[in-house]
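**Q** If it helps, the file is called run30.txt and holds compact mmCIF, C-alpha atoms:
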# COMPACT_ATOMS: atom_id res chain seq x y z
CA MET A 1 87.60 77.44 93.42
CA GLY A 2 88.36 77.73 97.14
CA LYS A 3 87.84 80.61 99.52
CA LYS A 4 87.88 84.28 98.55
CA ILE A 5 90.80 86.02 100.25
CA LEU A 6 91.40 89.78 100.30
CA VAL A 7 95.09 90.60 100.86
CA VAL A 8 95.70 94.24 101.81
CA TYR A 9 99.16 95.66 102.37
CA PHE A 10 101.20 98.79 102.98
CA SER A 11 104.83 98.78 101.88
CA GLY A 12 107.37 101.55 102.10
CA THR A 13 110.40 100.36 100.15
CA GLY A 14 109.33 96.98 98.76
CA GLY A 15 109.83 94.37 101.47
CA THR A 16 106.20 94.19 102.56
CA ARG A 17 105.02 94.25 98.94
CA LYS A 18 107.15 91.16 98.32
CA ALA A 19 105.75 89.54 101.46
CA ALA A 20 102.16 90.29 100.42
CA GLU A 21 102.71 88.90 96.92
CA THR A 22 104.28 85.76 98.36
CA VAL A 23 101.41 85.24 100.82
CA ALA A 24 98.90 85.83 98.01
CA ALA A 25 100.68 83.21 95.89
CA ALA A 26 100.51 80.74 98.79
CA PHE A 27 96.73 81.25 99.01
CA SER A 28 96.40 80.82 95.24
CA ALA A 29 98.33 77.55 95.50
CA GLN A 30 95.56 76.38 97.84
CA SER A 31 92.98 77.11 95.12
CA CYS A 32 91.83 80.37 96.71
CA ASP A 33 90.50 83.36 94.79
CA VAL A 34 92.81 86.20 95.85
CA HIS A 35 92.40 89.96 95.46
CA LEU A 36 95.56 91.96 96.22
CA PHE A 37 95.11 95.60 97.27
CA SER A 38 97.95 98.05 97.95
CA LEU A 39 97.20 100.93 100.29
CA ASP A 40 99.03 103.13 97.79
CA ASP A 41 95.71 102.96 95.94
CA LEU A 42 93.57 104.45 98.71
CA ALA A 43 93.22 107.59 96.60
CA SER A 44 91.91 105.66 93.59
CA PRO A 45 88.08 105.48 93.75
CA GLU A 46 87.98 102.69 91.16
CA LYS A 47 90.48 100.44 92.92
CA PHE A 48 89.01 101.17 96.36
CA ASP A 49 85.51 100.32 95.14
CA ALA A 50 86.74 97.08 93.55
CA MET A 51 88.36 96.14 96.84
CA THR A 52 85.21 96.84 98.87
CA VAL A 53 83.06 94.84 96.44
CA PHE A 54 85.39 91.88 96.81
CA LEU A 55 85.49 92.26 100.60
CA ALA A 56 81.69 92.19 100.81
CA SER A 57 81.73 88.55 99.70
CA ALA A 58 85.19 87.56 100.95
CA ASP A 59 85.79 84.61 103.24
CA ALA A 60 88.81 86.16 104.92
CA LEU A 61 90.99 89.25 105.17
CA VAL A 62 94.80 89.24 105.33
CA LEU A 63 96.50 92.50 106.29
CA LEU A 64 100.25 93.06 106.03
CA TYR A 65 102.15 96.22 106.88
CA ALA A 66 105.65 97.41 107.59
CA VAL A 67 106.06 98.42 111.23
CA HIS A 68 106.10 102.21 111.62
CA ALA A 69 106.63 103.93 114.95
CA LEU A 70 106.15 100.59 116.76
CA ASP A 71 102.67 100.37 115.24
CA ALA A 72 100.78 100.06 111.98
CA PRO A 73 101.36 103.07 109.68
CA GLU A 74 98.65 105.70 109.32
CA PRO A 75 97.42 104.48 105.88
CA VAL A 76 96.33 101.23 107.56
CA TYR A 77 94.11 103.09 110.01
CA SER A 78 92.80 105.35 107.23
CA TRP A 79 91.79 102.26 105.27
CA ILE A 80 90.07 100.67 108.27
CA ALA A 81 88.21 103.90 109.00
CA ARG A 82 86.97 104.17 105.39
CA LEU A 83 85.56 100.64 105.37
CA GLY A 84 82.64 101.56 107.53
CA GLU A 85 80.62 98.96 109.41
CA ARG A 86 78.05 98.23 106.72
CA LEU A 87 80.33 95.99 104.65
CA VAL A 88 81.05 93.69 107.57
CA ARG A 89 77.43 93.52 108.69
CA GLU A 90 76.20 92.67 105.18
CA THR A 91 78.20 89.45 105.14
CA GLY A 92 76.04 88.11 107.96
CA HIS A 93 79.08 86.83 109.86
CA GLU A 94 82.38 87.93 111.27
CA ILE A 95 85.08 87.87 108.62
CA PRO A 96 88.14 85.89 109.82
CA ALA A 97 91.34 87.90 109.55
CA MET A 98 95.10 87.44 109.64
CA VAL A 99 97.41 90.32 110.60
CA LEU A 100 101.08 90.05 109.64
CA SER A 101 103.49 92.80 110.63
CA VAL A 102 106.80 93.11 108.80
CA SER A 103 109.98 94.40 110.41
CA GLY A 104 113.74 94.19 110.19
CA GLY A 105 114.19 93.02 113.76
CA GLY A 106 111.55 90.35 114.25
CA GLU A 107 109.25 89.54 117.12
CA ALA A 108 111.38 91.24 119.76
CA TRP A 109 110.87 94.23 122.02
CA PRO A 110 109.96 96.97 121.17
CA ASN A 111 108.18 95.52 118.12
CA THR A 112 105.98 93.35 120.33
CA THR A 113 103.11 95.87 120.48
CA CYS A 114 103.04 96.66 116.77
CA ARG A 115 99.79 94.75 116.07
CA GLN A 116 97.73 95.40 119.19
CA ALA A 117 96.05 98.68 118.22
CA CYS A 118 95.51 97.55 114.63
CA ILE A 119 93.87 94.31 115.71
CA ALA A 120 91.64 96.22 118.11
CA SER A 121 90.57 98.55 115.29
CA LEU A 122 89.71 95.62 113.01
CA GLU A 123 87.74 93.86 115.73
CA LYS A 124 85.69 97.02 116.35
CA LYS A 125 84.66 96.82 112.69
CA GLY A 126 83.44 93.26 113.16
CA PHE A 127 86.43 91.28 111.90
CA ARG A 128 87.56 88.26 113.90
CA VAL A 129 91.35 88.26 114.03
CA ASP A 130 92.29 84.60 114.38
CA TYR A 131 95.92 84.77 113.32
CA GLU A 132 98.83 87.14 113.89
CA ASP A 133 102.58 86.87 113.40
CA MET A 134 105.70 88.70 112.30
CA LEU A 135 107.62 88.44 109.04
CA VAL A 136 111.20 89.70 108.86
CA MET A 137 112.59 91.38 105.76
CA PRO A 138 115.87 93.22 105.09
CA CYS A 139 116.21 96.22 107.39
CA ASN A 140 115.94 99.65 105.76
CA TRP A 141 116.54 101.89 108.75
CA VAL A 142 119.08 102.65 111.52
CA PHE A 143 121.51 99.84 110.66
CA THR A 144 122.34 97.81 107.58
CA LEU A 145 122.15 94.05 107.85
CA ASP A 146 124.86 91.93 106.29
CA GLU A 147 123.82 91.44 102.66
CA LYS A 148 123.98 87.66 102.93
CA LEU A 149 121.79 87.75 106.03
CA SER A 150 119.28 89.90 104.14
CA MET A 151 119.23 87.33 101.36
CA HIS A 152 118.60 84.52 103.83
CA LEU A 153 115.56 86.46 105.07
CA ILE A 154 114.19 86.70 101.54
CA ARG A 155 114.86 82.99 100.91
CA VAL A 156 112.76 81.77 103.86
CA LEU A 157 109.76 83.97 102.99
CA PRO A 158 107.96 81.30 100.89
CA GLY A 159 108.30 78.82 103.75
CA PHE A 160 106.62 81.18 106.19
CA ALA A 161 103.92 82.08 103.67
CA ASP A 162 103.00 78.43 103.15
CA LEU A 163 103.07 77.74 106.89
CA PHE A 164 100.89 80.72 107.84
CA VAL A 165 98.41 80.14 105.02
CA LYS A 166 97.92 76.43 105.74
CA GLU A 167 97.46 77.03 109.46
CA PHE A 168 95.02 79.88 108.82
CA LEU A 169 92.94 77.93 106.32
CA SER A 170 92.83 74.94 108.68
CA GLY A 171 91.16 77.15 111.28
CA GLU A 172 94.12 77.15 113.64
CA ARG A 173 93.99 80.12 116.00
CA HIS A 174 97.29 81.88 116.53
CA ARG A 175 97.07 84.92 118.79
CA LEU A 176 99.90 86.10 121.01
CA PRO A 177 99.12 87.11 124.61
CA PRO A 178 100.18 90.55 125.89
CA ARG A 179 103.59 90.54 127.55
CA LYS A 180 104.59 92.53 130.62
CA PRO A 181 107.24 94.61 128.81
CA ASP A 182 104.53 95.72 126.35
CA ILE A 183 102.76 97.66 129.10
CA LEU A 184 105.86 99.80 129.59
CA GLN A 185 105.67 101.13 126.02
CA LYS A 186 101.93 101.68 125.78
CA ASN A 187 102.27 105.35 124.82
CA LEU A 188 105.46 105.10 122.75
CA PRO A 189 103.79 104.62 119.35
CA SER A 190 101.69 107.80 119.61
CA MET A 191 104.70 109.76 120.84
CA GLU A 192 106.89 108.52 117.99
CA LYS A 193 104.23 109.17 115.35
CA LYS A 194 104.11 112.85 116.31
CA GLY A 195 107.79 113.10 115.41
CA VAL A 196 107.40 111.07 112.22
CA HIS A 197 105.16 113.71 110.63
CA ARG A 198 108.03 116.16 110.94
CA PHE A 199 110.54 113.85 109.30
CA PRO A 200 110.63 115.87 106.01
CA GLU A 201 112.21 118.72 107.95
CA THR A 202 115.38 116.61 108.00
CA ILE A 203 115.41 116.10 104.20
CA THR A 204 117.72 118.10 101.97
CA VAL A 205 117.12 118.20 98.22
CA SER A 206 120.35 118.84 96.31
CA SER A 207 120.98 120.52 92.98
CA ALA A 208 121.02 117.02 91.45
CA CYS A 209 117.20 117.11 91.48
CA THR A 210 115.89 116.94 87.90
CA ALA A 211 112.28 117.81 88.80
CA CYS A 212 111.19 114.42 87.45
CA ALA A 213 108.48 114.26 90.16
CA TRP A 214 109.24 110.58 90.91
CA CYS A 215 108.98 111.34 94.62
CA ALA A 216 105.60 113.03 94.24
CA THR A 217 104.07 110.29 92.11
CA HIS A 218 105.38 107.48 94.35
CA CYS A 219 104.67 108.94 97.81
CA PRO A 220 102.16 106.54 99.40
CA THR A 221 100.35 109.29 101.33
CA GLY A 222 100.44 112.02 98.68
CA ASN A 223 102.61 114.09 100.99
CA ILE A 224 104.84 115.45 98.21
CA THR A 225 103.89 117.98 95.55
CA MET A 226 106.02 119.78 92.99
CA GLU A 227 106.29 123.55 93.23
CA ALA A 228 108.67 125.60 91.10
CA ALA A 229 110.27 122.35 89.90
CA ARG A 230 111.14 121.33 93.46
CA PRO A 231 109.48 118.80 95.81
CA ARG A 232 107.42 120.33 98.60
CA PHE A 233 106.56 118.22 101.66
CA GLY A 234 103.28 118.32 103.56
CA SER A 235 102.38 117.10 107.04
CA SER A 236 101.21 113.55 106.31
CA CYS A 237 104.63 111.86 106.11
CA VAL A 238 104.90 108.36 107.59
CA ALA A 239 108.70 108.17 107.20
CA CYS A 240 108.65 105.21 104.83
CA PHE A 241 111.88 106.54 103.20
CA ARG A 242 110.61 105.67 99.73
CA CYS A 243 111.39 109.13 98.35
CA ILE A 244 114.94 109.19 99.71
CA TYR A 245 115.91 105.67 98.68
CA GLY A 246 114.02 105.70 95.39
CA CYS A 247 114.99 109.08 93.96
CA PRO A 248 116.41 108.30 90.47
CA ALA A 249 118.89 111.19 90.76
CA HIS A 250 119.86 110.38 94.37
CA ALA A 251 119.10 114.01 95.13
CA MET A 252 117.61 113.50 98.59
CA THR A 253 119.52 113.08 101.84
CA SER A 254 118.56 113.23 105.49
CA GLY A 255 120.48 113.90 108.66
CA ASN A 256 118.08 111.68 110.62
CA PHE A 257 119.89 108.74 112.24
CA MET A 258 117.22 106.32 110.97
CA VAL A 259 118.13 106.77 107.30
CA LEU A 260 120.83 104.49 105.91
CA LYS A 261 123.57 106.73 104.54
CA LYS A 262 124.40 104.31 101.71
CA GLY A 263 120.76 104.01 100.72
CA PHE A 264 118.58 100.94 100.35
CA SER A 265 117.18 99.08 97.36
CA PHE A 266 115.11 95.97 97.92
CA GLU A 267 114.87 95.42 94.17
CA LYS A 268 118.65 95.36 93.70
CA LEU A 269 118.98 92.97 96.63
CA GLU A 270 116.44 90.66 94.99
CA GLU A 271 118.33 90.86 91.70
CA ARG A 272 121.62 89.88 93.33
CA LEU A 273 119.97 86.98 95.15
CA ALA A 274 118.34 85.79 91.91
CA ALA A 275 121.73 85.86 90.18
CA ILE A 276 123.27 83.78 92.98
CA GLU A 277 120.46 81.22 92.83
CA ARG A 278 120.73 80.97 89.05
CA SER A 279 124.41 80.10 89.47
CA GLY A 280 123.37 76.89 91.24
CA ASP A 281 125.81 77.49 94.09
CA SER A 282 123.68 79.51 96.49
CA GLU A 283 124.59 77.43 99.53
CA ASN A 284 128.29 78.23 99.19
CA ALA A 285 127.66 81.80 98.08
CA LEU A 286 125.42 82.66 101.02
CA GLY A 287 127.04 80.44 103.62
CA ASP A 288 125.68 79.29 106.96
CA TYR A 289 123.21 81.86 108.30
CA SER A 290 123.89 80.82 111.90
CA LYS A 291 127.31 82.44 111.63
CA LEU A 292 125.64 85.76 110.80
CA VAL A 293 123.24 85.84 113.75
CA LYS A 294 125.47 85.30 116.75
CA GLY A 295 124.93 87.09 120.04
CA LEU A 296 122.00 88.46 122.01
CA LEU A 297 121.27 91.22 119.47
CA PHE A 298 120.43 88.66 116.79
CA LYS A 299 118.68 86.14 119.02
CA SER A 300 115.24 86.75 117.51
CA LEU A 301 116.60 86.59 113.94
CA LYS A 302 118.35 83.31 114.68
CA LYS A 303 115.09 81.86 115.99
CA TYR A 304 113.21 83.24 112.98
CA LEU A 305 115.60 81.76 110.41
CA ASP A 306 115.63 78.39 112.18
CA ARG A 307 111.85 78.34 111.91
CA GLY A 308 111.87 79.58 108.33
CA TYR A 309 114.30 77.00 107.00
CA ALA A 310 112.40 74.27 108.84
CA ALA A 311 109.25 75.45 107.04
CA LEU A 312 111.08 75.32 103.71
CA ARG A 313 112.16 71.75 104.36
CA ASP A 314 108.56 70.84 105.23
CA ARG A 315 107.39 72.15 101.84
CA GLY A 316 110.09 70.15 100.08
CA THR A 317 112.36 73.08 99.22
CA PRO A 318 116.10 72.50 99.71
CA ALA A 319 117.33 74.63 102.62
Translate this file's structure into structure tokens.

**A**
Amino acid sequence: MGKKILVVYFSGTGGTRKAAETVAAAFSAQSCDVHLFSLDDLASPEKFDAMTVFLASADALVLLYAVHALDAPEPVYSWIARLGERLVRETGHEIPAMVLSVSGGGEAWPNTTCRQACIASLEKKGFRVDYEDMLVMPCNWVFTLDEKLSMHLIRVLPGFADLFVKEFLSGERHRLPPRKPDILQKNLPSMEKKGVHRFPETITVSSACTACAWCATHCPTGNITMEAARPRFGSSCVACFRCIYGCPAHAMTSGNFMVLKKGFSFEKLEERLAAIERSGDSENALGDYSKLVKGLLFKSLKKYLDRGYAALRDRGTPA
């Protein structure tokens, strides 16, 4: 058995969960012992304790999260704060770490500061962050990506996972230097997070609500409770949109410009991609991705997909 790897992740609507599972599988393929921990389980004493026990003897930490408010979401910082310093000190050495942010726009401004504060928090706890990068998954806010482009992003994920894992295990250091534009947005994350907590004020629950409590049981921060057979929102929202997009009765809507009016389902997107790949004609069905990422707006996605398909070819997967 190889190294012990703790993979921790926060996912709003499924994209980062898929990324974390794919990265974990890539570590397992390298004979590593992997423990996968979702930050949805922060409130579970049993699962949290199992995670901390594993971390105490782990060889490395991998943290993945969906970008929220140009930063890591609050559950990430809550998890880091709860770790305490004792666990890291007991290992007798700094635990190497990899931080992977996940966004719909890629490594482009203003996403370029989304790991800085998180990495600083980990390093204060005694972790040694050797590797950082960005994964791109289908966008679930502001604008809807072309469905075929979204599928291309899912297809290249295994290539990136293999690439990142092999480089990390080889000891390769991959840290990105601060960029001048990042200084201009130093205070933007904290400003945006203040508004995020008030996001539920924009949510309307229609008469279609069946009081099934799906939203309450699936809220990652426990921000939703049921009162008089209706969802009630607290003040710990991180605007992950899981309740709006996941409501079985489609009873929730929001007037906020960030929410996609036609909804979003990562699972259904995966199902459609799987059906295309089973047909054996995925190349014709999806077409040339370069035709979908033309222009300055998609420059970072074009670069990302070029790199991703190159990684797939390196691992012997037809691109």

**Q** Which is closer to A:Phe233 than all the others in A:Lys268, A:Arg17, A:Lys262, A:Arg198, using all atoms listed in the file?

**A** A:Arg198

**Q** Just checking: using all atoms listed in the file, which residue out of A:Lys47, A:Lys166, A:Asp33, A:Glu123 ends up closest to A:Ala311?

**A**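 Once distances to A:Ala311 are computed over all atoms listed in the file, the minimum belongs to A:Lys166.
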
**Q** Once you count all atoms listed in the file, which residues end up no further than 10 Å from (114.1, 115.0, 110.7) in the file's frame, shown as a list in words?

**A**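 The answer, in the requested form, is Gly195, Val196, His197, Arg198, Phe199, Pro200, Glu201, Thr202, Ile203, Thr204, Ala239, Ser254, Gly255, Asn256, Phe257, Met258 and Val259 of chain A.
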
**Q** Counting all atoms listed in the file, select every polymer residue within 12 Å of (121.3, 88.5, 93.0) as defined in the file's coordinates, and provide the selection as a PDB file with C-alpha atoms, in the coordinates of the input.

**A**
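Result file is selection_10.pdb:
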ATOM      1  CA  GLU A 147     123.820  91.440 102.660  1.00  0.00           C
ATOM      2  CA  LYS A 148     123.980  87.660 102.930  1.00  0.00           C
ATOM      3  CA  SER A 150     119.280  89.900 104.140  1.00  0.00           C
ATOM      4  CA  MET A 151     119.230  87.330 101.360  1.00  0.00           C
ATOM      5  CA  HIS A 152     118.600  84.520 103.830  1.00  0.00           C
ATOM      6  CA  ILE A 154     114.190  86.700 101.540  1.00  0.00           C
ATOM      7  CA  ARG A 155     114.860  82.990 100.910  1.00  0.00           C
ATOM      8  CA  PHE A 266     115.110  95.970  97.920  1.00  0.00           C
ATOM      9  CA  GLU A 267     114.870  95.420  94.170  1.00  0.00           C
ATOM     10  CA  LYS A 268     118.650  95.360  93.700  1.00  0.00           C
ATOM     11  CA  LEU A 269     118.980  92.970  96.630  1.00  0.00           C
ATOM     12  CA  GLU A 270     116.440  90.660  94.990  1.00  0.00           C
ATOM     13  CA  GLU A 271     118.330  90.860  91.700  1.00  0.00           C
ATOM     14  CA  ARG A 272     121.620  89.880  93.330  1.00  0.00           C
ATOM     15  CA  LEU A 273     119.970  86.980  95.150  1.00  0.00           C
ATOM     16  CA  ALA A 274     118.340  85.790  91.910  1.00  0.00           C
ATOM     17  CA  ALA A 275     121.730  85.860  90.180  1.00  0.00           C
ATOM     18  CA  ILE A 276     123.270  83.780  92.980  1.00  0.00           C
ATOM     19  CA  GLU A 277     120.460  81.220  92.830  1.00  0.00           C
ATOM     20  CA  ARG A 278     120.730  80.970  89.050  1.00  0.00           C
ATOM     21  CA  SER A 279     124.410  80.100  89.470  1.00  0.00           C
ATOM     22  CA  GLY A 280     123.370  76.890  91.240  1.00  0.00           C
ATOM     23  CA  ASP A 281     125.810  77.490  94.090  1.00  0.00           C
ATOM     24  CA  SER A 282     123.680  79.510  96.490  1.00  0.00           C
ATOM     25  CA  ALA A 285     127.660  81.800  98.080  1.00  0.00           C
ATOM     26  CA  LEU A 286     125.420  82.660 101.020  1.00  0.00           C
TER      27      LEU A 286
END

**Q** Restricting the calculation to only C-alpha atoms, which member of A:Ala120, A:Leu61, A:Leu176, A:Cys212 is positioned closest to A:Ala24?

**A**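 Going through A:Ala120, A:Leu61, A:Leu176, A:Cys212 one by one, the smallest distance to A:Ala24 is for A:Leu61.
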
**Q** What does the structure give for the distance between atom CA of A:Ser170 and atom CA of A:Leu135, in Å to one decimal?

**A**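 That distance, rounded to one decimal, is 20.0 Å.
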
**Q** Using only C-alpha atoms, which protein or nucleic acid residues come within 8 Å of A:Ser31? Drop anything in the same chain fewer than 2 positions from it, and give the result as a ChimeraX atom specification.

**A** /A:1-3,27-29,33

**Q** Any chance you could work out the axis-aligned box around stretch 55-73 of chain A, listed atoms only, 4 Å on each side, giving centre and edge lengths in Å to one decimal, as AutoDock Vina command-line options?

**A**
--center_x 94.2 --center_y 94.3 --center_z 108.2 --size_x 32.9 --size_y 27.3 --size_z 25.1

**Q** For atom CA of A:Pro231 and atom CA of A:Pro45, determine how far apart the two atoms are, in Å to one decimal place.

**A**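 We find that atom CA of A:Pro231 and atom CA of A:Pro45 lie 25.3 Å from each other.
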
**Q** Just give me the gap between atom CA of A:Leu163 and atom CA of A:Ser101 in Å, one decimal is fine.

**A**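 Going from atom CA of A:Leu163 over to atom CA of A:Ser101, I get 15.5 Å.
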
**Q** Near A:Asn140, within 9 Å and counting only C-alpha atoms, which residues show up once chain neighbours fewer than 6 positions away are dropped, as a list in words?

**A**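 Counting only the stated atoms, we get Thr13, Gly104, Phe241, Met258, Val259, Leu260, Gly263, Phe264, Ser265 and Phe266 of chain A.
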
**Q** A:Val129: which residues within 7 Å, counting only C-alpha atoms, same-chain residues fewer than 4 positions away excluded, as a ChimeraX atom specification?

**A** /A:96-98,119,123

**Q** Would you kindly return, as a short mmCIF file (atom, residue, chain, number, x, y, z; two decimals) with C-alpha atoms, keeping the file's coordinate frame, each protein, DNA or RNA residue with an atom no farther than 9 Å from any atom of A:Ala19, considering all atoms listed in the file and excluding same-chain residues fewer than 2 positions away?

**A**
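Done, and the output landed in around.cif:
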data_model
loop_
_atom_site.label_atom_id
_atom_site.label_comp_id
_atom_site.auth_asym_id
_atom_site.auth_seq_id
_atom_site.Cartn_x
_atom_site.Cartn_y
_atom_site.Cartn_z
CA GLY A 14 109.33 96.98 98.76
CA GLY A 15 109.83 94.37 101.47
CA THR A 16 106.20 94.19 102.56
CA ARG A 17 105.02 94.25 98.94
CA GLU A 21 102.71 88.90 96.92
CA THR A 22 104.28 85.76 98.36
CA VAL A 23 101.41 85.24 100.82
CA ALA A 24 98.90 85.83 98.01
CA LEU A 64 100.25 93.06 106.03
CA VAL A 102 106.80 93.11 108.80
CA LEU A 135 107.62 88.44 109.04
CA MET A 137 112.59 91.38 105.76
CA ILE A 154 114.19 86.70 101.54
CA LEU A 157 109.76 83.97 102.99
CA PRO A 158 107.96 81.30 100.89
CA ALA A 161 103.92 82.08 103.67
#

**Q** Nearest to A:Ile244: which of A:Ala216, A:Ala81, A:Glu94, A:Asp288 is it, counting all atoms listed in the file?

**A** A:Ala216

**Q** So, with only C-alpha atoms as the atoms that count, which of A:Asp162, A:Val76, A:Val53, A:Gln116 lies closest to A:Ala25?

**A**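 For A:Ala25, the nearest of the candidates is A:Asp162.
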
**Q** Which residue out of A:Phe127, A:Tyr65, A:Trp79, A:Phe37 has the minimum interatomic distance to A:Cys114 when only C-alpha atoms are used?

**A**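 Nearest to A:Cys114: A:Tyr65.
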